[in-house]
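Working notes for the structure below.
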Amino acid sequence: MDTRFQTDAVTILRDQFRTLDRVSQPIHVDAERQRRMLLLDRRDWADWSEFRQDGTLPSHPEVSVMLRRLGTATYRLASLAERSRG
């Protein structure tokens, strides 16, 4: 992965994790449920949790896969939040 792409990917991924957290909080979705929604085992979750705290970019799952998973999870949670408000 070239340096510029990796820098952009890191920024986008961290932004997407922040968005997931913002959507999760009002409906009380904890870290364990986030882990399951992102289809991560405990080891991968630990790696991604470290990344979220300014750690290095994990190699598994790949960036494109993780972005799709984050988008899907965030969308599902946002839909759930809307229904719970309605």
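Labeling convention for the structure tokens: chains A, B, ... as they appear, residues from 1 per chain, ligands from 1 in order of appearance.
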
Env of Leu67 (chain A): 10 Å cut, atoms = only C-alpha atoms, seq-sep filter 2 positions within chain, self excluded. Answer as number ranges by chain.
A: 9, 12-13, 16-17, 38, 61-65, 69-73

Measure the distance from CA of Leu77 (chain A) to CA of Thr7 (chain A) in Å and round it to one decimal.
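Separation of CA of Leu77 (chain A) and CA of Thr7 (chain A): 27.2 Å.
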
Show which residues sit within 10 Å of region 19-33 of chain A, as a list in words. Count only C-alpha atoms, and ignore same-chain residues fewer than 6 positions away.
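In the requested format, the answer is Leu13, Leu39, Leu40, Arg42, Trp45, Ser49, Leu70, Gly71, Thr72, Ala73, Thr74, Tyr75, Arg76, Leu77, Ala78, Ser79, Leu80, Ala81, Glu82, Ser84 and Arg85 of chain A.
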
What would the file look like if the residues just selected were written as a PDB file, in the first residue's frame with C-alpha atoms?
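Result file follows (result18.pdb):
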```
ATOM      1  CA  LEU A  13     -11.139   4.324   8.935  1.00  0.00           C
ATOM      2  CA  LEU A  39     -17.588  -9.853  12.120  1.00  0.00           C
ATOM      3  CA  LEU A  40     -14.290  -9.726  13.998  1.00  0.00           C
ATOM      4  CA  ARG A  42     -11.441 -11.261  19.587  1.00  0.00           C
ATOM      5  CA  TRP A  45     -10.997  -6.772  17.508  1.00  0.00           C
ATOM      6  CA  SER A  49      -9.255  -1.371  19.037  1.00  0.00           C
ATOM      7  CA  LEU A  70     -18.121  -0.313   9.113  1.00  0.00           C
ATOM      8  CA  GLY A  71     -20.523   1.203   6.590  1.00  0.00           C
ATOM      9  CA  THR A  72     -22.964  -1.680   6.925  1.00  0.00           C
ATOM     10  CA  ALA A  73     -22.842  -1.690  10.735  1.00  0.00           C
ATOM     11  CA  THR A  74     -23.259   2.075  10.963  1.00  0.00           C
ATOM     12  CA  TYR A  75     -26.207   2.023   8.563  1.00  0.00           C
ATOM     13  CA  ARG A  76     -27.932  -0.767  10.504  1.00  0.00           C
ATOM     14  CA  LEU A  77     -27.434   1.007  13.809  1.00  0.00           C
ATOM     15  CA  ALA A  78     -28.637   4.330  12.402  1.00  0.00           C
ATOM     16  CA  SER A  79     -31.770   2.594  11.103  1.00  0.00           C
ATOM     17  CA  LEU A  80     -32.329   0.973  14.497  1.00  0.00           C
ATOM     18  CA  ALA A  81     -31.901   4.340  16.228  1.00  0.00           C
ATOM     19  CA  GLU A  82     -34.454   5.936  13.901  1.00  0.00           C
ATOM     20  CA  SER A  84     -36.477   3.504  18.362  1.00  0.00           C
ATOM     21  CA  ARG A  85     -37.108   7.260  18.240  1.00  0.00           C
TER      22      ARG A  85
END
```

Determine which residues of chain A receive a DSSP assignment of alpha helix (DSSP H), computed from the backbone, and state them as a ChimeraX atom specification.
/A:3-24,31-37,42-52,63-85

CA of Asp8 (chain A) to CA of Gly55 (chain A), straight-line distance in Å
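So the two atoms, CA of Gly55 (chain A) and CA of Asp8 (chain A), lie 15.1 Å apart.
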
Just the number, please: distance in Å from CA of Pro58 (chain A) to CA of Arg43 (chain A), one decimal.
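CA of Arg43 (chain A) lies 10.8 Å from CA of Pro58 (chain A).
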
Counting only C-alpha atoms, the residue of A:Asp41, A:Gln34, A:Arg83, A:Phe51 that sits nearest Arg14 (chain A)
A:Phe51
